[in-house]
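Just below is one structure, and these are the notes that go with it.
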Protein chains: 2
Amino acid sequence: MKLLEPIRVGTMTVPNRILVPAMVTRLSGEDGFVNQGIIDRYVRYSAGHVGLIVVEATAVHESKSGPLLRLSRDDFVAGHRDLVKQVKDAGPSKIVPQIIHFMKVARSGWRQTIDMLSEDEIDGIVEAFGAAAARAREAGYDGVELHSAHAYTLSSFLSRRNPRRDGYDGRTLEGRLRMFGRVMARVRQTVGKDFPVGVRFLAEEAIKDGYALPDSQRIALRMAQLGVDYISLSVGGKFEDAVHKEGSPLYPYTGYSGDRCMPGDQYPPLPHVHLAAGIKAFVNRHGYDVPIVSVGKISDPADAERLLADGKADMIGMARQLLADPAWVRKVEEKRQDAILRCIYCNVCKQLDENFKLVSCFLWPKGFTQAPVEDLSKDAPRWPAAGAGLKASVENGAVKLTWSKAQGDIAGYDIFRAESGGSSTIVEAVKGTKFADKLALGGLGYSYHVMAYDATGRHSPPSDAVRVEPALPVFDEAGTAHA
Amino acid sequence: MKLLEPIRVGTMTVPNRILVPAMVTRLSGEDGFVNQGIIDRYVRYSAGHVGLIVVEATAVHESKSGPLLRLSRDDFVAGHRDLVKQVKDAGPSKIVPQIIHFMKVARSGWRQTIDMLSEDEIDGIVEAFGAAAARAREAGYDGVELHSAHAYTLSSFLSRRNPRRDGYDGRTLEGRLRMFGRVMARVRQTVGKDFPVGVRFLAEEAIKDGYALPDSQRIALRMAQLGVDYISLSVGGKFEDAVHKEGSPLYPYTGYSGDRCMPGDQYPPLPHVHLAAGIKAFVNRHGYDVPIVSVGKISDPADAERLLADGKADMIGMARQLLADPAWVRKVEEKRQDAILRCIYCNVCKQLDENFKLVSCFLWPKGFTQAPVEDLSKDAPRWPAAGAGLKASVENGAVKLTWSKAQGDIAGYDIFRAESGGSSTIVEAVKGTKFADKLALGGLGYSYHVMAYDATGRHSPPSDAVRVEPALPVFDEAGTAHA
């Protein structure tokens, strides 16, 4: 499998093609220091053999914020050194921090924008990135990632809505690129040529008047020209369409561009792969082979492998799937793909973040703040002797399923559906023993089965399947509907 | 060329695969009757050999609105009969009206939503669609299209944000589909089995919590099950993200979903083709071959042909390109593709509509309310004896072009660009003799040429090309930028 082959990223060799992008955890304190919760979170990825771990956004500056890691002073370095050591002791992963600069936001809804920055302040930001990157190297990280995505400072310079009218002029592509160029030059100077510097930026802004593929292809090419060592893509997550909640600071990801950043269950798998493919083709055509990381609802190993085989991406980023099950890579290596705790893209994690709460996964047993660790010494969950007793009925346009409790320390049930002879895919996970499929279409045939999973993420065998064919609605000639 | 082959659509044969979707014109009066301006607009499409003309949204009900055609009473039929006759006298096109029901909007920003509709009002809407469709047949139209897209009533029932909690329950797909099912049944009853009934609906809502491909595949399948004769796709154009302008009624298309509905020059060509392809594959796999119309920044004949050849669509919808040049099809038939007045997706037409002004095209000569008609008896525009004198320089991150005036009754100039040896494509059209390319990237080579076009849309020969290679910006080790 190409997915499990090592890949050269600048001067480091990443053991496989899987990357966990930076994700807010809200495990850190307000003080900015690494703590045990943070270490536990990242150790799991390494124990799970994730190729490249990107640590959550870590501030280059001192500006006040909620819980957030920092590399804005030398005294933060020791904690990061400990994090790196423990992650490396646990497995083969490479690890880099994502370093970020952000602007001020207020509870009134007001936010600082980049046109308010003086030349001196801009110089200070360039310098802060350089210093934080140097601290990342000092802490023993394998590289550093420059956060140039979503609603944050570097991304706002790249934006098609950049309001500046000076040397960073938002009306020209070169003006929009100038700030990133300065930061990259300064970081390269402070970390040296032999330290990998990656970047994350938006393949599409997904806001009114925002940029799309033609701009992002050229932004990526410039990043390659400037010597970045990998390009990790994202989409949306902007302030411009954020929904202001009375009394809370404006928070990105709360508008449509947030939906596109973390596409939920209403989106198809791989909704953004055409963006990675378009950017990779453009950059390669111009003579650069910097690795491009595709992201967005990729969770099936076969899908991930096909992306690489088709040349649409060089690495696969998975955030929510690896949050749910940080051992995804190891289970693929062991050819135990059925043992993966599958992300259902319910976005409970996204909602926790939006509400400024510790980010956990709906699939984890109640009260867990970290992913469960598989316990193979225990029995896997089993169905009762009489079977799962899965039953289906159609009510008010929905298919209702009920089944019996499984035996074991059950944390939840995965629901699988096959539509009209298609392949069976997970559609939902629930804590109880019933489920209503509200997206079934009359006139098609559906087959469902259920698997139980326990508090360590171990799965039961699949239940027997149940089949149902909801009727087509009937309308009389006057357009009246009959059940 | 497959593009120019006839296609069977229900009981009618459309002479080629090009469809002009319904576009607001604001040429009609407040009275709802067909007038000469309307006739002139649609006659041009027929003279230009467009396969299927969809007349702008035509109300099934009497509700007050701005200028809008109506089929809400029998006395509107005569005007439509005249329109159909004149269109058919001018060329081979088939023609159908798009019939619409919309809800009330107020200047305060208030708008009526579908959860405010009583059962009786819903029955009335079903009946109004049936009656308007019957009038369309009486007027001599070749079929009728049900407007089930954008911000309007039928689309709001299909929406993932449908707020009803009764038989039209927004929480189930069947609940969302019920209203369309009733309308389709009633329309089929009033027009008969031998009258084509098409539909337009959204492949993606492009709003927060809106639906995407998985839902639209199943909505399209249901439409096929209900016997629609063609499915024309669109994207976005919703009220939910519309930008309210003080003192004006809330208008869709003004938010991000409006950008996606009419993707501007920041989007790549064919940004939505994966949606048509995904819907067509799904519907075909379930045994239906109802023609699927793809739309969205398709203007190049080779692109359009490839979509059909690759089986990604059955017909090609072009709104802005056919507004710019309604003779597109005829010019392709005559192998005079260079004579096409090319849409640059500047969206002046979209802005005119948003400001409730008569919709014309930026490419037309000043003051024109209809597309220019080519006059082959006159000389085409020429460059002066000394040539076009095209010159390029780089200033503040932009490539500045200047050239000499062409000879003739010049309406404008098309600017073509080739980037780093790629193919030459139109990037802009201007009225004067200068242009600044603000999206050029330092380090790449650019070649530009210019063509003049006159008030009848005839083009000059291309100017000589000019080449320029903007320098890469230089940063010193402290990250300071140098020109």
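Convention: chains lettered A, B, ... in structure tokens order; per-chain residue numbering from 1; ligands numbered from 1 as shown.
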
Taking only C-alpha atoms into account, find every residue of chain B that has an atom no more than 8 Å from chain A, and write it out as a CSV table (one decimal) with all heavy atoms, in the first residue's frame.
```csv
chain,number,residue,atom,x,y,z
B,126,VAL,N,-50.4,24.2,-5.1
B,126,VAL,CA,-50.5,23.0,-6.0
B,126,VAL,C,-51.4,23.3,-7.2
B,126,VAL,O,-51.0,23.0,-8.4
B,126,VAL,CB,-50.9,21.7,-5.2
B,126,VAL,CG1,-51.2,20.6,-6.2
B,126,VAL,CG2,-49.9,21.4,-4.1
B,127,GLU,N,-52.6,23.8,-6.9
B,127,GLU,CA,-53.5,24.1,-7.9
B,127,GLU,C,-53.0,25.2,-8.9
B,127,GLU,O,-53.2,25.1,-10.1
B,127,GLU,CB,-54.8,24.6,-7.2
B,127,GLU,CG,-56.1,24.6,-8.1
B,127,GLU,CD,-56.3,23.3,-8.9
B,127,GLU,OE1,-56.0,22.2,-8.4
B,127,GLU,OE2,-56.6,23.4,-10.1
B,167,GLY,N,-46.7,16.7,7.7
B,167,GLY,CA,-46.5,15.8,6.5
B,167,GLY,C,-45.4,16.3,5.6
B,167,GLY,O,-44.9,15.5,4.8
B,171,ARG,N,-37.4,17.2,8.5
B,171,ARG,CA,-36.4,16.2,9.1
B,171,ARG,C,-36.2,14.9,8.3
B,171,ARG,O,-35.3,14.2,8.6
B,171,ARG,CB,-36.7,16.0,10.5
B,171,ARG,CG,-36.5,17.2,11.4
B,171,ARG,CD,-37.1,17.0,12.8
B,171,ARG,NE,-38.5,16.7,12.7
B,171,ARG,CZ,-39.4,16.5,13.7
B,171,ARG,NH1,-38.9,16.6,14.9
B,171,ARG,NH2,-40.6,16.2,13.5
B,172,THR,N,-37.2,14.7,7.4
B,172,THR,CA,-37.1,13.5,6.6
B,172,THR,C,-37.0,13.9,5.1
B,172,THR,O,-37.6,14.9,4.7
B,172,THR,CB,-38.3,12.5,6.7
B,172,THR,OG1,-39.4,13.1,6.2
B,172,THR,CG2,-38.4,12.1,8.2
B,173,LEU,N,-36.3,13.1,4.3
B,173,LEU,CA,-36.2,13.4,2.9
B,173,LEU,C,-37.6,13.2,2.2
B,173,LEU,O,-38.0,14.1,1.4
B,173,LEU,CB,-35.2,12.4,2.2
B,173,LEU,CG,-34.8,12.6,0.8
B,173,LEU,CD1,-34.3,14.0,0.6
B,173,LEU,CD2,-33.8,11.6,0.4
B,174,GLU,N,-38.3,12.2,2.7
B,174,GLU,CA,-39.7,12.0,2.1
B,174,GLU,C,-40.6,13.2,2.4
B,174,GLU,O,-41.4,13.7,1.6
B,174,GLU,CB,-40.3,10.7,2.6
B,174,GLU,CG,-39.8,9.5,1.9
B,174,GLU,CD,-40.2,9.4,0.4
B,174,GLU,OE1,-41.1,10.3,0.0
B,174,GLU,OE2,-39.7,8.6,-0.3
B,175,GLY,N,-40.4,13.8,3.6
B,175,GLY,CA,-41.2,15.0,4.0
B,175,GLY,C,-40.9,16.2,3.1
B,175,GLY,O,-41.8,16.9,2.6
B,178,ARG,N,-42.4,15.8,-0.5
B,178,ARG,CA,-43.9,15.6,-0.6
B,178,ARG,C,-44.5,16.8,-1.5
B,178,ARG,O,-45.3,16.5,-2.3
B,178,ARG,CB,-44.5,15.6,0.8
B,178,ARG,CG,-46.0,15.3,0.8
B,178,ARG,CD,-46.4,15.3,2.3
B,178,ARG,NE,-47.8,15.1,2.4
B,178,ARG,CZ,-48.4,13.9,2.6
B,178,ARG,NH1,-47.7,12.8,2.5
B,178,ARG,NH2,-49.7,13.8,2.7
B,181,GLY,N,-43.8,16.3,-5.1
B,181,GLY,CA,-44.6,15.2,-5.6
B,181,GLY,C,-46.0,15.6,-5.9
B,181,GLY,O,-46.5,15.3,-7.0
B,182,ARG,N,-46.6,16.4,-5.0
B,182,ARG,CA,-48.0,16.9,-5.3
B,182,ARG,C,-48.0,17.8,-6.5
B,182,ARG,O,-48.9,17.6,-7.3
B,182,ARG,CB,-48.5,17.6,-4.0
B,182,ARG,CG,-48.7,16.8,-2.8
B,182,ARG,CD,-49.5,17.6,-1.8
B,182,ARG,NE,-50.8,18.0,-2.3
B,182,ARG,CZ,-51.7,18.8,-1.7
B,182,ARG,NH1,-51.4,19.3,-0.6
B,182,ARG,NH2,-52.8,19.1,-2.3
B,183,VAL,N,-47.1,18.7,-6.6
B,183,VAL,CA,-47.1,19.7,-7.7
B,183,VAL,C,-46.9,18.9,-9.0
B,183,VAL,O,-47.7,19.1,-10.0
B,183,VAL,CB,-46.0,20.7,-7.5
B,183,VAL,CG1,-45.8,21.5,-8.8
B,183,VAL,CG2,-46.4,21.6,-6.3
B,184,MET,N,-46.0,18.0,-9.0
B,184,MET,CA,-45.7,17.3,-10.3
B,184,MET,C,-46.9,16.4,-10.7
B,184,MET,O,-47.3,16.4,-11.9
B,184,MET,CB,-44.5,16.4,-10.1
B,184,MET,CG,-44.0,15.6,-11.3
B,184,MET,SD,-43.5,16.8,-12.6
B,184,MET,CE,-43.7,15.6,-14.0
B,185,ALA,N,-47.6,15.8,-9.7
B,185,ALA,CA,-48.8,15.0,-10.0
B,185,ALA,C,-49.9,15.9,-10.6
B,185,ALA,O,-50.5,15.5,-11.6
B,185,ALA,CB,-49.2,14.3,-8.8
B,186,ARG,N,-50.1,17.0,-10.0
B,186,ARG,CA,-51.1,17.9,-10.5
B,186,ARG,C,-50.8,18.5,-11.8
B,186,ARG,O,-51.7,18.5,-12.7
B,186,ARG,CB,-51.3,19.0,-9.4
B,186,ARG,CG,-52.4,20.0,-9.8
B,186,ARG,CD,-53.8,19.3,-9.9
B,186,ARG,NE,-54.8,20.2,-10.4
B,186,ARG,CZ,-55.8,19.8,-11.1
B,186,ARG,NH1,-56.0,18.5,-11.4
B,186,ARG,NH2,-56.7,20.7,-11.6
B,189,GLN,N,-51.3,16.0,-14.5
B,189,GLN,CA,-52.8,15.8,-14.8
B,189,GLN,C,-53.3,16.9,-15.7
B,189,GLN,O,-54.1,16.7,-16.6
B,189,GLN,CB,-53.5,15.8,-13.4
B,189,GLN,CG,-55.0,16.0,-13.5
B,189,GLN,CD,-55.7,14.8,-14.2
B,189,GLN,OE1,-55.1,13.8,-14.5
B,189,GLN,NE2,-57.0,15.0,-14.6
B,206,ALA,N,-25.4,25.3,-0.7
B,206,ALA,CA,-24.3,26.2,-0.5
B,206,ALA,C,-24.6,27.2,0.6
B,206,ALA,O,-24.2,28.4,0.5
B,206,ALA,CB,-23.9,26.9,-1.8
B,207,ILE,N,-25.4,26.8,1.6
B,207,ILE,CA,-25.6,27.5,2.8
B,207,ILE,C,-25.3,26.7,4.0
B,207,ILE,O,-25.3,25.4,3.9
B,207,ILE,CB,-27.1,28.0,2.9
B,207,ILE,CG1,-28.0,26.9,2.7
B,207,ILE,CG2,-27.3,29.2,2.0
B,207,ILE,CD1,-29.5,27.2,3.0
B,208,LYS,N,-25.1,27.3,5.2
B,208,LYS,CA,-24.8,26.6,6.4
B,208,LYS,C,-26.0,25.6,6.7
B,208,LYS,O,-27.2,25.9,6.5
B,208,LYS,CB,-24.8,27.6,7.6
B,208,LYS,CG,-24.5,27.0,8.9
B,208,LYS,CD,-24.2,28.0,10.0
B,208,LYS,CE,-24.3,27.5,11.4
B,208,LYS,NZ,-23.1,26.6,11.7
B,209,ASP,N,-25.6,24.4,7.0
B,209,ASP,CA,-26.6,23.3,7.2
B,209,ASP,C,-27.4,22.9,6.0
B,209,ASP,O,-28.4,22.2,6.2
B,209,ASP,CB,-27.5,23.6,8.4
B,209,ASP,CG,-26.7,23.7,9.7
B,209,ASP,OD1,-25.7,23.0,9.9
B,209,ASP,OD2,-27.1,24.6,10.6
B,210,GLY,N,-27.1,23.4,4.8
B,210,GLY,CA,-27.8,23.1,3.6
B,210,GLY,C,-27.4,21.7,3.1
B,210,GLY,O,-26.5,21.1,3.6
B,211,TYR,N,-28.2,21.3,2.1
B,211,TYR,CA,-27.9,19.9,1.6
B,211,TYR,C,-26.8,20.0,0.5
B,211,TYR,O,-26.5,21.0,0.0
B,211,TYR,CB,-29.1,19.2,1.1
B,211,TYR,CG,-29.8,19.7,-0.2
B,211,TYR,CD1,-29.2,19.5,-1.4
B,211,TYR,CD2,-31.0,20.3,-0.1
B,211,TYR,CE1,-29.8,19.9,-2.6
B,211,TYR,CE2,-31.7,20.7,-1.3
B,211,TYR,CZ,-31.0,20.5,-2.5
B,211,TYR,OH,-31.7,20.9,-3.7
B,212,ALA,N,-26.2,18.8,0.3
B,212,ALA,CA,-25.1,18.7,-0.7
B,212,ALA,C,-25.5,17.4,-1.6
B,212,ALA,O,-26.6,17.0,-1.6
B,212,ALA,CB,-23.8,18.6,-0.1
B,213,LEU,N,-24.5,16.9,-2.3
B,213,LEU,CA,-24.7,15.8,-3.3
B,213,LEU,C,-25.5,14.6,-2.8
B,213,LEU,O,-26.3,14.2,-3.6
B,213,LEU,CB,-23.3,15.4,-3.8
B,213,LEU,CG,-23.3,14.5,-5.1
B,213,LEU,CD1,-24.1,15.2,-6.2
B,213,LEU,CD2,-21.9,14.1,-5.5
B,214,PRO,N,-25.2,14.1,-1.6
B,214,PRO,CA,-26.0,12.9,-1.2
B,214,PRO,C,-27.5,13.1,-1.3
B,214,PRO,O,-28.2,12.3,-1.8
B,214,PRO,CB,-25.5,12.6,0.2
B,214,PRO,CG,-24.1,13.1,0.2
B,214,PRO,CD,-24.2,14.4,-0.6
B,215,ASP,N,-28.0,14.3,-0.8
B,215,ASP,CA,-29.4,14.6,-0.9
B,215,ASP,C,-29.8,14.9,-2.4
B,215,ASP,O,-30.9,14.4,-2.8
B,215,ASP,CB,-29.8,15.8,0.0
B,215,ASP,CG,-29.7,15.5,1.4
B,215,ASP,OD1,-29.1,14.5,1.8
B,215,ASP,OD2,-30.3,16.2,2.2
B,218,ARG,N,-30.6,11.9,-4.5
B,218,ARG,CA,-31.9,11.2,-4.2
B,218,ARG,C,-33.1,12.1,-4.6
B,218,ARG,O,-34.1,11.6,-5.0
B,218,ARG,CB,-31.9,10.8,-2.8
B,218,ARG,CG,-30.9,9.6,-2.6
B,218,ARG,CD,-30.5,9.3,-1.2
B,218,ARG,NE,-29.5,8.2,-1.3
B,218,ARG,CZ,-28.2,8.4,-1.5
B,218,ARG,NH1,-27.7,9.6,-1.6
B,218,ARG,NH2,-27.4,7.4,-1.6
B,222,ARG,N,-35.9,10.9,-7.3
B,222,ARG,CA,-37.4,11.0,-7.0
B,222,ARG,C,-38.0,11.7,-8.2
B,222,ARG,O,-39.1,11.4,-8.6
B,222,ARG,CB,-37.7,11.7,-5.7
B,222,ARG,CG,-39.1,12.1,-5.5
B,222,ARG,CD,-40.1,10.9,-5.6
B,222,ARG,NE,-39.8,9.8,-4.9
B,222,ARG,CZ,-40.1,9.6,-3.6
B,222,ARG,NH1,-40.7,10.5,-2.9
B,222,ARG,NH2,-39.7,8.5,-3.0
B,255,GLY,N,-25.6,36.9,-1.2
B,255,GLY,CA,-24.6,36.3,-0.3
B,255,GLY,C,-23.7,35.3,-1.0
B,255,GLY,O,-23.6,35.3,-2.2
B,256,TYR,N,-23.0,34.5,-0.2
B,256,TYR,CA,-22.0,33.5,-0.8
B,256,TYR,C,-22.7,32.6,-1.7
B,256,TYR,O,-22.2,32.2,-2.8
B,256,TYR,CB,-21.3,32.8,0.3
B,256,TYR,CG,-20.5,31.6,-0.2
B,256,TYR,CD1,-19.3,31.8,-0.8
B,256,TYR,CD2,-21.0,30.3,-0.1
B,256,TYR,CE1,-18.5,30.8,-1.3
B,256,TYR,CE2,-20.2,29.2,-0.6
B,256,TYR,CZ,-19.0,29.5,-1.2
B,256,TYR,OH,-18.3,28.5,-1.7
B,257,SER,N,-24.0,32.1,-1.3
B,257,SER,CA,-24.7,31.2,-2.1
B,257,SER,C,-25.0,31.8,-3.5
B,257,SER,O,-25.2,31.1,-4.5
B,257,SER,CB,-25.9,30.6,-1.4
B,257,SER,OG,-26.9,31.6,-1.4
B,259,ASP,N,-22.9,33.9,-5.0
B,259,ASP,CA,-21.6,33.7,-5.7
B,259,ASP,C,-21.5,32.4,-6.4
B,259,ASP,O,-21.1,32.2,-7.5
B,259,ASP,CB,-20.4,33.8,-4.7
B,259,ASP,CG,-19.9,35.2,-4.4
B,259,ASP,OD1,-20.7,36.1,-4.6
B,259,ASP,OD2,-18.7,35.3,-3.9
B,266,GLN,N,-13.3,34.8,-10.2
B,266,GLN,CA,-12.4,34.1,-9.2
B,266,GLN,C,-12.5,32.6,-9.2
B,266,GLN,O,-11.7,31.9,-8.6
B,266,GLN,CB,-12.6,34.7,-7.8
B,266,GLN,CG,-13.8,34.2,-7.0
B,266,GLN,CD,-15.0,35.2,-7.2
B,266,GLN,OE1,-15.3,35.7,-8.2
B,266,GLN,NE2,-15.7,35.4,-6.1
B,267,TYR,N,-13.5,32.1,-9.9
B,267,TYR,CA,-13.7,30.6,-9.9
B,267,TYR,C,-13.1,30.0,-11.2
B,267,TYR,O,-13.0,30.7,-12.2
B,267,TYR,CB,-15.2,30.3,-9.8
B,267,TYR,CG,-15.8,30.5,-8.5
B,267,TYR,CD1,-16.3,31.7,-8.1
B,267,TYR,CD2,-15.7,29.4,-7.5
B,267,TYR,CE1,-16.7,31.9,-6.8
B,267,TYR,CE2,-16.2,29.6,-6.2
B,267,TYR,CZ,-16.7,30.8,-5.9
B,267,TYR,OH,-17.1,31.0,-4.6
B,268,PRO,N,-12.7,28.8,-11.1
B,268,PRO,CA,-12.2,28.1,-12.4
B,268,PRO,C,-13.4,27.8,-13.3
B,268,PRO,O,-14.5,27.9,-12.9
B,268,PRO,CB,-11.6,26.8,-11.8
B,268,PRO,CG,-12.4,26.5,-10.6
B,268,PRO,CD,-12.7,27.8,-10.0
B,396,ASN,N,4.1,47.7,-9.2
B,396,ASN,CA,3.4,47.3,-8.0
B,396,ASN,C,2.7,46.0,-8.0
B,396,ASN,O,1.5,45.8,-7.6
B,396,ASN,CB,2.3,48.4,-7.6
B,396,ASN,CG,2.9,49.7,-7.4
B,396,ASN,OD1,4.0,49.8,-6.9
B,396,ASN,ND2,2.2,50.8,-7.8
B,397,GLY,N,3.4,45.0,-8.5
B,397,GLY,CA,2.9,43.6,-8.5
B,397,GLY,C,1.9,43.3,-9.6
B,397,GLY,O,1.3,42.2,-9.6
B,398,ALA,N,1.6,44.3,-10.5
B,398,ALA,CA,0.7,44.0,-11.6
B,398,ALA,C,1.3,44.2,-12.9
B,398,ALA,O,2.3,44.9,-13.0
B,398,ALA,CB,-0.5,45.0,-11.4
B,438,LYS,N,-3.7,41.9,-12.3
B,438,LYS,CA,-3.4,42.0,-10.9
B,438,LYS,C,-3.2,40.6,-10.3
B,438,LYS,O,-2.9,40.4,-9.1
B,438,LYS,CB,-4.5,42.7,-10.1
B,438,LYS,CG,-4.5,44.2,-10.5
B,438,LYS,CD,-5.6,44.9,-9.8
B,438,LYS,CE,-5.5,46.4,-10.2
B,438,LYS,NZ,-6.7,47.2,-9.7
B,439,LEU,N,-3.3,39.6,-11.2
B,439,LEU,CA,-3.1,38.2,-10.7
B,439,LEU,C,-1.9,37.5,-11.3
B,439,LEU,O,-1.8,36.3,-11.2
B,439,LEU,CB,-4.4,37.4,-11.0
B,439,LEU,CG,-5.6,37.9,-10.2
B,439,LEU,CD1,-6.9,37.1,-10.6
B,439,LEU,CD2,-5.4,37.8,-8.7
B,440,ALA,N,-1.0,38.3,-11.9
B,440,ALA,CA,0.2,37.7,-12.4
B,440,ALA,C,1.1,37.4,-11.2
B,440,ALA,O,1.2,38.1,-10.2
B,440,ALA,CB,0.9,38.7,-13.3
B,441,LEU,N,1.9,36.3,-11.4
B,441,LEU,CA,2.7,35.8,-10.3
B,441,LEU,C,4.2,35.9,-10.7
B,441,LEU,O,4.6,35.4,-11.8
B,441,LEU,CB,2.4,34.3,-10.1
B,441,LEU,CG,3.0,33.7,-8.8
B,441,LEU,CD1,2.4,34.2,-7.5
B,441,LEU,CD2,2.9,32.1,-8.9
B,442,GLY,N,5.0,36.6,-9.9
B,442,GLY,CA,6.4,36.7,-10.2
B,442,GLY,C,7.1,35.4,-10.4
B,442,GLY,O,6.7,34.4,-9.7
B,475,PHE,N,13.5,38.7,-0.6
B,475,PHE,CA,13.5,39.0,0.8
B,475,PHE,C,14.9,38.8,1.4
B,475,PHE,O,15.5,37.8,1.1
B,475,PHE,CB,12.5,38.0,1.5
B,475,PHE,CG,11.1,38.1,1.0
B,475,PHE,CD1,10.7,37.2,0.0
B,475,PHE,CD2,10.2,39.0,1.5
B,475,PHE,CE1,9.4,37.3,-0.5
B,475,PHE,CE2,8.9,39.1,1.0
B,475,PHE,CZ,8.5,38.2,0.0
B,476,ASP,N,15.3,39.7,2.3
B,476,ASP,CA,16.6,39.4,2.9
B,476,ASP,C,16.4,38.5,4.1
B,476,ASP,O,15.3,38.1,4.4
B,476,ASP,CB,17.3,40.7,3.2
B,476,ASP,CG,16.6,41.5,4.3
B,476,ASP,OD1,15.8,40.9,5.1
B,476,ASP,OD2,16.9,42.7,4.4
B,477,GLU,N,17.5,38.2,4.8
B,477,GLU,CA,17.4,37.2,5.8
B,477,GLU,C,16.6,37.6,7.0
B,477,GLU,O,16.1,36.8,7.8
B,477,GLU,CB,18.8,36.8,6.3
B,477,GLU,CG,19.6,36.2,5.1
B,477,GLU,CD,20.9,35.6,5.6
B,477,GLU,OE1,21.5,36.2,6.6
B,477,GLU,OE2,21.4,34.7,4.9
B,478,ALA,N,16.4,38.9,7.2
B,478,ALA,CA,15.5,39.4,8.3
B,478,ALA,C,14.1,39.4,7.8
B,478,ALA,O,13.2,39.8,8.6
B,478,ALA,CB,15.9,40.8,8.7
B,479,GLY,N,13.8,38.9,6.6
B,479,GLY,CA,12.4,38.9,6.1
B,479,GLY,C,12.0,40.2,5.6
B,479,GLY,O,10.8,40.5,5.6
B,480,THR,N,12.9,41.1,5.3
B,480,THR,CA,12.5,42.4,4.7
B,480,THR,C,12.4,42.2,3.2
B,480,THR,O,13.2,41.6,2.6
B,480,THR,CB,13.6,43.4,5.1
B,480,THR,OG1,13.8,43.4,6.5
B,480,THR,CG2,13.1,44.8,4.6
B,481,ALA,N,11.3,42.8,2.7
B,481,ALA,CA,11.1,42.6,1.2
B,481,ALA,C,11.8,43.7,0.5
B,481,ALA,O,11.9,44.9,0.9
B,481,ALA,CB,9.6,42.7,0.9
```

Residues of stretch 41-84 of chain A classed as strand (DSSP E or B) by DSSP on the backbone are to be reported as a list in words.
Leu52, Ile53, Val54, Val55, Glu56, Ala57, Thr58, Ala59, Leu69 and Arg70 of chain A

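Within stretch 291-460 of chain A, residues classed as alpha helix (DSSP H) by DSSP on backbone coordinates are A:Pro301, A:Ala302, A:Asp303, A:Ala304, A:Glu305, A:Arg306, A:Leu307, A:Leu308, A:Ala309, A:Arg320, A:Gln321, A:Leu322, A:Leu323, A:Ala324, A:Trp328, A:Val329, A:Arg330, A:Lys331, A:Val332, A:Glu333, A:Val348, A:Cys349, A:Lys350, A:Gln351, A:Leu352, A:Asp353, A:Glu354.
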
Could you pull the residues within 9 Å of B:Val283, counting only C-alpha atoms, minus those fewer than 3 positions along the same chain, as number ranges by chain?
B: 217-218, 220-221, 224, 278-280, 286-290

Output file for the residues above (N, CA and C atoms, as a CSV table (one decimal), in the first residue's frame):
```csv
chain,number,residue,atom,x,y,z
B,217,GLN,N,-28.7,13.8,-5.2
B,217,GLN,CA,-28.8,12.6,-6.0
B,217,GLN,C,-30.1,12.0,-5.8
B,218,ARG,N,-30.6,11.9,-4.5
B,218,ARG,CA,-31.9,11.2,-4.2
B,218,ARG,C,-33.1,12.1,-4.6
B,220,ALA,N,-33.1,14.1,-7.2
B,220,ALA,CA,-33.2,13.9,-8.6
B,220,ALA,C,-33.8,12.6,-9.0
B,221,LEU,N,-33.4,11.5,-8.3
B,221,LEU,CA,-34.0,10.2,-8.6
B,221,LEU,C,-35.5,10.3,-8.3
B,224,ALA,N,-37.1,11.8,-11.2
B,224,ALA,CA,-37.2,10.9,-12.3
B,224,ALA,C,-38.3,9.9,-12.1
B,278,GLY,N,-22.1,13.5,-10.7
B,278,GLY,CA,-22.5,12.7,-9.6
B,278,GLY,C,-24.0,12.4,-9.6
B,279,ILE,N,-24.8,13.4,-10.0
B,279,ILE,CA,-26.3,13.2,-10.0
B,279,ILE,C,-26.7,12.3,-11.2
B,280,LYS,N,-26.0,12.5,-12.4
B,280,LYS,CA,-26.3,11.7,-13.5
B,280,LYS,C,-26.0,10.3,-13.3
B,286,HIS,N,-29.8,3.9,-11.2
B,286,HIS,CA,-31.1,3.4,-10.8
B,286,HIS,C,-32.1,3.2,-11.9
B,287,GLY,N,-31.6,3.2,-13.2
B,287,GLY,CA,-32.4,2.8,-14.3
B,287,GLY,C,-33.2,3.9,-15.0
B,288,TYR,N,-32.8,5.2,-14.7
B,288,TYR,CA,-33.5,6.3,-15.3
B,288,TYR,C,-32.6,7.0,-16.3
B,289,ASP,N,-33.1,7.5,-17.4
B,289,ASP,CA,-32.2,8.2,-18.4
B,289,ASP,C,-32.7,9.6,-18.6
B,290,VAL,N,-33.4,10.2,-17.7
B,290,VAL,CA,-33.9,11.5,-17.9
B,290,VAL,C,-32.7,12.5,-18.1
```

Could you list, as a PyMOL selection string, every residue within 10 Å of A:Pro92, counting only C-alpha atoms and ignoring same-chain residues fewer than 5 positions away?
chain A and resi 14-16+45-52+87
